[in-house]
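Have a look at upload28.csv below; it lists CSV, C-alpha atoms.
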chain,number,residue,atom,x,y,z
A,33,MET,CA,-12.0,98.1,-9.7
A,34,ASN,CA,-9.5,97.0,-7.2
A,35,GLU,CA,-6.9,94.9,-8.9
A,36,GLU,CA,-4.4,93.1,-6.8
A,37,ARG,CA,-1.5,91.4,-8.3
A,38,VAL,CA,-0.3,88.2,-6.6
A,39,GLN,CA,3.2,87.2,-7.6
A,40,ASN,CA,4.2,83.6,-7.4
A,41,GLU,CA,7.5,82.8,-5.8
A,42,GLY,CA,10.3,82.1,-8.3
A,43,ASN,CA,8.1,83.0,-11.3
A,44,ASN,CA,7.7,86.2,-13.1
A,45,VAL,CA,4.0,85.3,-13.7
A,46,SER,CA,1.5,87.3,-11.7
A,47,SER,CA,-2.2,86.9,-11.4
A,48,ILE,CA,-4.9,89.5,-11.0
A,49,GLY,CA,-6.7,88.8,-7.7
A,50,ASN,CA,-10.2,89.7,-8.8
A,51,GLN,CA,-13.4,87.7,-8.2
A,52,PHE,CA,-13.3,86.0,-11.6
A,53,THR,CA,-9.7,84.7,-11.3
A,54,ILE,CA,-10.4,83.5,-7.7
A,55,GLU,CA,-13.5,81.5,-9.0
A,56,GLN,CA,-11.4,80.2,-11.9
A,57,TRP,CA,-8.7,79.0,-9.4
A,58,ASP,CA,-11.3,77.4,-7.2
A,59,GLN,CA,-12.8,75.6,-10.2
A,60,SER,CA,-9.4,74.5,-11.3
A,61,ASN,CA,-8.6,73.3,-7.8
A,62,GLN,CA,-11.8,71.3,-7.6
A,63,VAL,CA,-11.2,69.7,-11.0
A,64,ASN,CA,-7.7,68.8,-9.9
A,65,LYS,CA,-9.0,67.4,-6.7
A,66,LYS,CA,-11.5,65.3,-8.6
A,67,ILE,CA,-8.8,64.1,-11.0
A,68,ILE,CA,-6.5,63.2,-8.0
A,69,PHE,CA,-9.4,61.4,-6.4
A,70,LYS,CA,-10.1,59.4,-9.5
A,71,ARG,CA,-6.5,58.5,-9.9
A,72,ARG,CA,-6.3,57.4,-6.3
A,73,ARG,CA,-9.5,55.4,-6.7
A,74,LEU,CA,-8.1,53.8,-9.9
A,75,GLY,CA,-4.8,53.0,-8.1
A,76,VAL,CA,-6.7,51.3,-5.2
A,77,ILE,CA,-8.8,49.3,-7.7
A,78,ALA,CA,-5.6,48.3,-9.6
A,79,ALA,CA,-3.9,47.3,-6.3
A,80,VAL,CA,-6.9,45.2,-5.3
A,81,ALA,CA,-7.2,43.6,-8.7
A,82,SER,CA,-3.4,42.8,-8.6
A,83,ILE,CA,-3.8,41.1,-5.2
A,84,ILE,CA,-6.8,39.1,-6.5
A,85,PHE,CA,-4.9,38.0,-9.6
A,86,LEU,CA,-1.8,37.2,-7.5
A,87,VAL,CA,-3.9,35.0,-5.1
A,88,SER,CA,-5.7,33.4,-8.0
A,89,GLY,CA,-2.4,32.7,-9.8
A,90,LEU,CA,-0.9,31.1,-6.7
A,91,ASN,CA,-4.0,28.9,-6.3
A,92,ILE,CA,-3.8,27.9,-9.9
A,93,PHE,CA,-0.1,27.1,-9.5
A,94,ARG,CA,-0.8,25.0,-6.4
A,95,SER,CA,-3.6,23.1,-8.1
A,96,TYR,CA,-1.4,22.4,-11.2
A,97,HIS,CA,1.4,21.1,-8.9
A,98,HIS,CA,-1.1,19.0,-7.0
A,99,ILE,CA,-2.5,17.5,-10.2
A,100,LYS,CA,1.0,16.8,-11.4
A,101,GLU,CA,1.7,14.9,-8.2
A,102,LEU,CA,-1.6,13.0,-8.5
A,103,LYS,CA,-0.7,11.9,-12.1
A,104,LYS,CA,2.6,10.6,-10.9
A,105,GLU,CA,0.9,8.7,-8.1
A,106,LYS,CA,-1.7,7.4,-10.6
A,107,ILE,CA,1.1,6.0,-12.8
A,108,ALA,CA,2.7,4.3,-9.8
A,109,VAL,CA,-0.6,2.8,-8.7
A,110,GLN,CA,-1.3,1.5,-12.2
A,111,LYS,CA,2.1,-0.2,-12.3
A,112,GLN,CA,1.4,-1.7,-8.9
A,113,GLN,CA,-2.0,-2.8,-10.1
A,114,ALA,CA,-0.4,-4.5,-13.1
A,115,GLN,CA,2.0,-6.4,-10.9
A,116,LEU,CA,-0.7,-7.5,-8.6
A,117,SER,CA,-2.9,-8.6,-11.5
A,118,GLU,CA,0.0,-10.8,-12.7
A,119,GLN,CA,0.4,-12.2,-9.2
A,120,VAL,CA,-3.3,-12.9,-9.0
A,121,ALA,CA,-3.2,-14.7,-12.4
A,122,SER,CA,-0.3,-16.8,-11.2
A,123,LEU,CA,-2.0,-17.7,-8.0
A,124,GLU,CA,-5.2,-18.6,-9.9
A,125,TYR,CA,-3.2,-20.8,-12.1
A,126,ASP,CA,-1.6,-22.5,-9.1
A,127,VAL,CA,-5.1,-23.0,-7.6
A,128,LYS,CA,-6.2,-24.7,-10.8
A,129,LEU,CA,-3.1,-26.9,-10.8
A,130,LEU,CA,-3.8,-27.9,-7.2
A,131,ASN,CA,-7.3,-28.9,-8.1
A,132,SER,CA,-6.0,-31.4,-10.6
A,133,ASP,CA,-5.4,-34.9,-9.2
A,134,ASP,CA,-2.7,-35.7,-11.7
A,135,TYR,CA,-0.7,-32.6,-10.7
A,136,LEU,CA,-1.1,-33.4,-7.0
A,137,ALA,CA,0.1,-36.9,-7.6
A,138,LYS,CA,3.2,-35.7,-9.5
A,139,VAL,CA,4.0,-33.1,-6.8
A,140,ALA,CA,3.6,-35.7,-4.1
A,141,ARG,CA,5.9,-38.1,-6.0
A,142,GLN,CA,8.5,-35.5,-6.6
A,143,LYS,CA,8.6,-33.7,-3.3
A,144,PHE,CA,7.8,-36.5,-0.9
A,145,PHE,CA,9.2,-39.5,-3.0
A,146,TYR,CA,5.9,-41.4,-3.1
A,147,THR,CA,5.8,-44.1,-5.7
A,148,LYS,CA,3.4,-46.2,-7.6
A,149,ASP,CA,3.5,-49.9,-7.4
A,150,ASP,CA,6.7,-51.4,-8.9
A,151,GLU,CA,8.2,-47.9,-9.4
A,152,LEU,CA,11.8,-46.9,-8.4
A,153,VAL,CA,12.8,-43.4,-7.4
A,154,TYR,CA,16.2,-42.0,-8.1
A,155,SER,CA,16.9,-38.8,-6.1
A,156,ILE,CA,18.8,-36.2,-8.1
A,157,PRO,CA,19.3,-32.8,-6.4
A,158,GLN,CA,17.3,-30.0,-8.0
A,159,THR,CA,16.1,-26.6,-7.1
A,160,GLU,CA,12.5,-26.1,-6.3
A,161,GLU,CA,12.1,-23.8,-9.3
A,162,ALA,CA,13.3,-26.6,-11.6
A,163,MET,CA,10.9,-29.1,-10.0
A,164,ASP,CA,8.0,-26.7,-10.4
A,165,LYS,CA,8.8,-26.1,-14.0
A,166,GLN,CA,9.0,-29.8,-14.6
A,167,ALA,CA,5.6,-30.4,-12.9
A,168,GLU,CA,4.0,-27.6,-15.0
A,169,LYS,CA,5.5,-29.1,-18.2
A,170,ALA,CA,4.3,-32.6,-17.3
A,171,LEU,CA,0.8,-31.3,-16.6
A,172,ARG,CA,0.6,-29.4,-19.8
A,173,ASN,CA,1.6,-32.4,-21.8

Would you mind writing the structure in this file as C-alpha coordinates?
Amino acid sequence: MNEERVQNEGNNVSSIGNQFTIEQWDQSNQVNKKIIFKRRRLGVIAAVASIIFLVSGLNIFRSYHHIKELKKEKIAVQKQQAQLSEQVASLEYDVKLLNSDDYLAKVARQKFFYTKDDELVYSIPQTEEAMDKQAEKALRN
(Lines of atoms letter the chains of each structure in order from A and count residues from 1; the text may use other names and numbers.)
(Lines give C-alpha, C1' and ligand atoms only; values in the text may rest on other atoms or scores of the structure.)
Protein backbone atom coordinates (compact mmCIF):
# COMPACT_ATOMS: atom_id res chain seq x y z
CA MET A 1 0.00 0.00 0.00
CA ASN A 2 0.98 3.46 -0.74
CA GLU A 3 1.00 5.41 2.44
CA GLU A 4 1.42 9.11 2.18
CA ARG A 5 1.92 11.21 5.17
CA VAL A 6 0.45 14.70 5.17
CA GLN A 7 1.88 16.97 7.77
CA ASN A 8 -0.16 19.86 9.14
CA GLU A 9 1.55 23.19 9.36
CA GLY A 10 2.69 24.10 12.82
CA ASN A 11 1.75 20.69 14.24
CA ASN A 12 3.73 17.58 14.68
CA VAL A 13 0.63 15.54 13.90
CA SER A 14 0.59 13.81 10.59
CA SER A 15 -2.13 11.89 8.84
CA ILE A 16 -1.97 8.86 6.61
CA GLY A 17 -3.38 9.78 3.23
CA ASN A 18 -5.08 6.48 2.41
CA GLN A 19 -8.67 5.98 1.20
CA PHE A 20 -10.09 5.32 4.65
CA THR A 21 -8.67 8.50 6.21
CA ILE A 22 -9.84 10.57 3.24
CA GLU A 23 -13.39 9.17 3.62
CA GLN A 24 -13.27 9.85 7.34
CA TRP A 25 -12.15 13.44 6.72
CA ASP A 26 -14.95 13.89 4.17
CA GLN A 27 -17.53 12.50 6.60
CA SER A 28 -16.17 14.71 9.37
CA ASN A 29 -16.31 17.76 7.07
CA GLN A 30 -19.90 16.93 6.07
CA VAL A 31 -20.92 16.56 9.71
CA ASN A 32 -19.20 19.86 10.54
CA LYS A 33 -20.97 21.55 7.61
CA LYS A 34 -24.33 20.22 8.84
CA ILE A 35 -23.58 21.45 12.37
CA ILE A 36 -22.57 24.88 11.02
CA PHE A 37 -25.74 24.98 8.88
CA LYS A 38 -27.89 24.08 11.88
CA ARG A 39 -26.16 26.72 14.01
CA ARG A 40 -26.67 29.37 11.34
CA ARG A 41 -30.30 28.36 10.90
CA LEU A 42 -30.77 28.50 14.68
CA GLY A 43 -29.11 31.95 14.73
CA VAL A 44 -31.44 33.23 11.98
CA ILE A 45 -34.47 31.84 13.82
CA ALA A 46 -33.27 33.46 17.05
CA ALA A 47 -32.74 36.79 15.24
CA VAL A 48 -36.22 36.67 13.68
CA ALA A 49 -37.78 35.71 17.02
CA SER A 50 -35.91 38.57 18.72
CA ILE A 51 -37.21 41.03 16.14
CA ILE A 52 -40.77 39.72 16.57
CA PHE A 53 -40.51 40.00 20.37
CA LEU A 54 -39.05 43.50 20.08
CA VAL A 55 -41.84 44.69 17.78
CA SER A 56 -44.48 43.05 19.98
CA GLY A 57 -42.94 44.60 23.08
CA LEU A 58 -42.96 48.06 21.50
CA ASN A 59 -46.61 47.63 20.51
CA ILE A 60 -47.50 46.53 24.04
CA PHE A 61 -45.64 49.52 25.48
CA ARG A 62 -47.44 51.92 23.12
CA SER A 63 -50.80 50.35 23.96
CA TYR A 64 -50.07 50.63 27.69
CA HIS A 65 -49.11 54.28 27.29
CA HIS A 66 -52.25 54.97 25.22
CA ILE A 67 -54.47 53.27 27.82
CA LYS A 68 -52.83 55.33 30.56
CA GLU A 69 -53.56 58.55 28.65
CA LEU A 70 -57.16 57.45 28.05
CA LYS A 71 -57.63 56.78 31.77
CA LYS A 72 -56.38 60.29 32.57
CA GLU A 73 -58.74 61.71 29.96
CA LYS A 74 -61.60 59.64 31.40
CA ILE A 75 -60.98 61.09 34.87
CA ALA A 76 -60.96 64.63 33.46
CA VAL A 77 -64.19 64.00 31.56
CA GLN A 78 -65.83 62.52 34.67
CA LYS A 79 -64.89 65.64 36.66
CA GLN A 80 -66.30 67.82 33.90
CA GLN A 81 -69.46 65.70 33.82
CA ALA A 82 -69.90 66.14 37.59
CA GLN A 83 -69.54 69.91 37.25
CA LEU A 84 -72.02 70.01 34.40
CA SER A 85 -74.46 67.85 36.36
CA GLU A 86 -74.29 70.31 39.23
CA GLN A 87 -74.83 73.18 36.81
CA VAL A 88 -77.84 71.41 35.24
CA ALA A 89 -79.32 70.77 38.69
CA SER A 90 -78.87 74.45 39.57
CA LEU A 91 -80.50 75.54 36.31
CA GLU A 92 -83.39 73.14 36.83
CA TYR A 93 -83.90 74.59 40.30
CA ASP A 94 -83.91 78.10 38.80
CA VAL A 95 -86.50 76.99 36.24
CA LYS A 96 -88.71 75.62 39.01
CA LEU A 97 -88.35 78.91 40.89
CA LEU A 98 -89.26 80.90 37.81
CA ASN A 99 -92.41 78.81 37.36
CA SER A 100 -93.56 79.87 40.82
CA ASP A 101 -95.77 82.98 40.86
CA ASP A 102 -94.71 83.88 44.41
CA TYR A 103 -91.02 83.83 43.47
CA LEU A 104 -91.61 85.93 40.36
CA ALA A 105 -93.54 88.47 42.40
CA LYS A 106 -90.75 88.69 45.00
CA VAL A 107 -88.06 89.05 42.33
CA ALA A 108 -90.08 91.74 40.55
CA ARG A 109 -90.56 93.62 43.81
CA GLN A 110 -86.87 93.38 44.74
CA LYS A 111 -85.23 94.09 41.39
CA PHE A 112 -87.77 96.44 39.83
CA PHE A 113 -89.22 97.98 43.00
CA TYR A 114 -92.81 96.98 42.29
CA THR A 115 -95.07 97.28 45.28
CA LYS A 116 -98.36 96.00 46.50
CA ASP A 117 -101.09 98.41 47.44
CA ASP A 118 -100.23 100.44 50.55
CA GLU A 119 -96.63 99.14 50.58
CA LEU A 120 -93.49 101.28 50.94
CA VAL A 121 -90.12 100.32 49.48
CA TYR A 122 -86.85 101.33 51.10
CA SER A 123 -83.88 100.83 48.81
CA ILE A 124 -80.79 99.45 50.54
CA PRO A 125 -77.81 98.69 48.28
CA GLN A 126 -77.09 94.96 48.06
CA THR A 127 -75.25 92.68 45.75
CA GLU A 128 -77.20 90.50 43.38
CA GLU A 129 -75.98 87.37 45.14
CA ALA A 130 -77.41 88.56 48.45
CA MET A 131 -80.72 89.36 46.78
CA ASP A 132 -80.87 85.92 45.16
CA LYS A 133 -80.15 84.25 48.49
CA GLN A 134 -82.86 86.27 50.18
CA ALA A 135 -85.35 85.34 47.47
CA GLU A 136 -84.52 81.64 47.78
CA LYS A 137 -84.87 81.78 51.58
CA ALA A 138 -88.20 83.57 51.27
CA LEU A 139 -89.45 81.00 48.79
CA ARG A 140 -88.40 78.07 50.94
CA ASN A 141 -90.18 79.52 53.96

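The coordinates place atom CA of Thr147 of chain A at 13.4 Å from atom CA of Asp134 of chain A.
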
> Which distance in Å separates atom CA of Gln142 of chain A and atom CA of Gln166 of chain A, to one decimal?
Replying inline: 9.8 Å

> Within 9 Å of segment 122-129 of chain A, counting all atoms listed in the file, which residues qualify if same-chain residues fewer than 5 places away don't, as an NGL selection string?
Replying inline: :A and (117 or 134-136 or 168 or 171)

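Atom CA of Gln112 of chain A is found 28.8 Å from atom CA of Phe93 of chain A.
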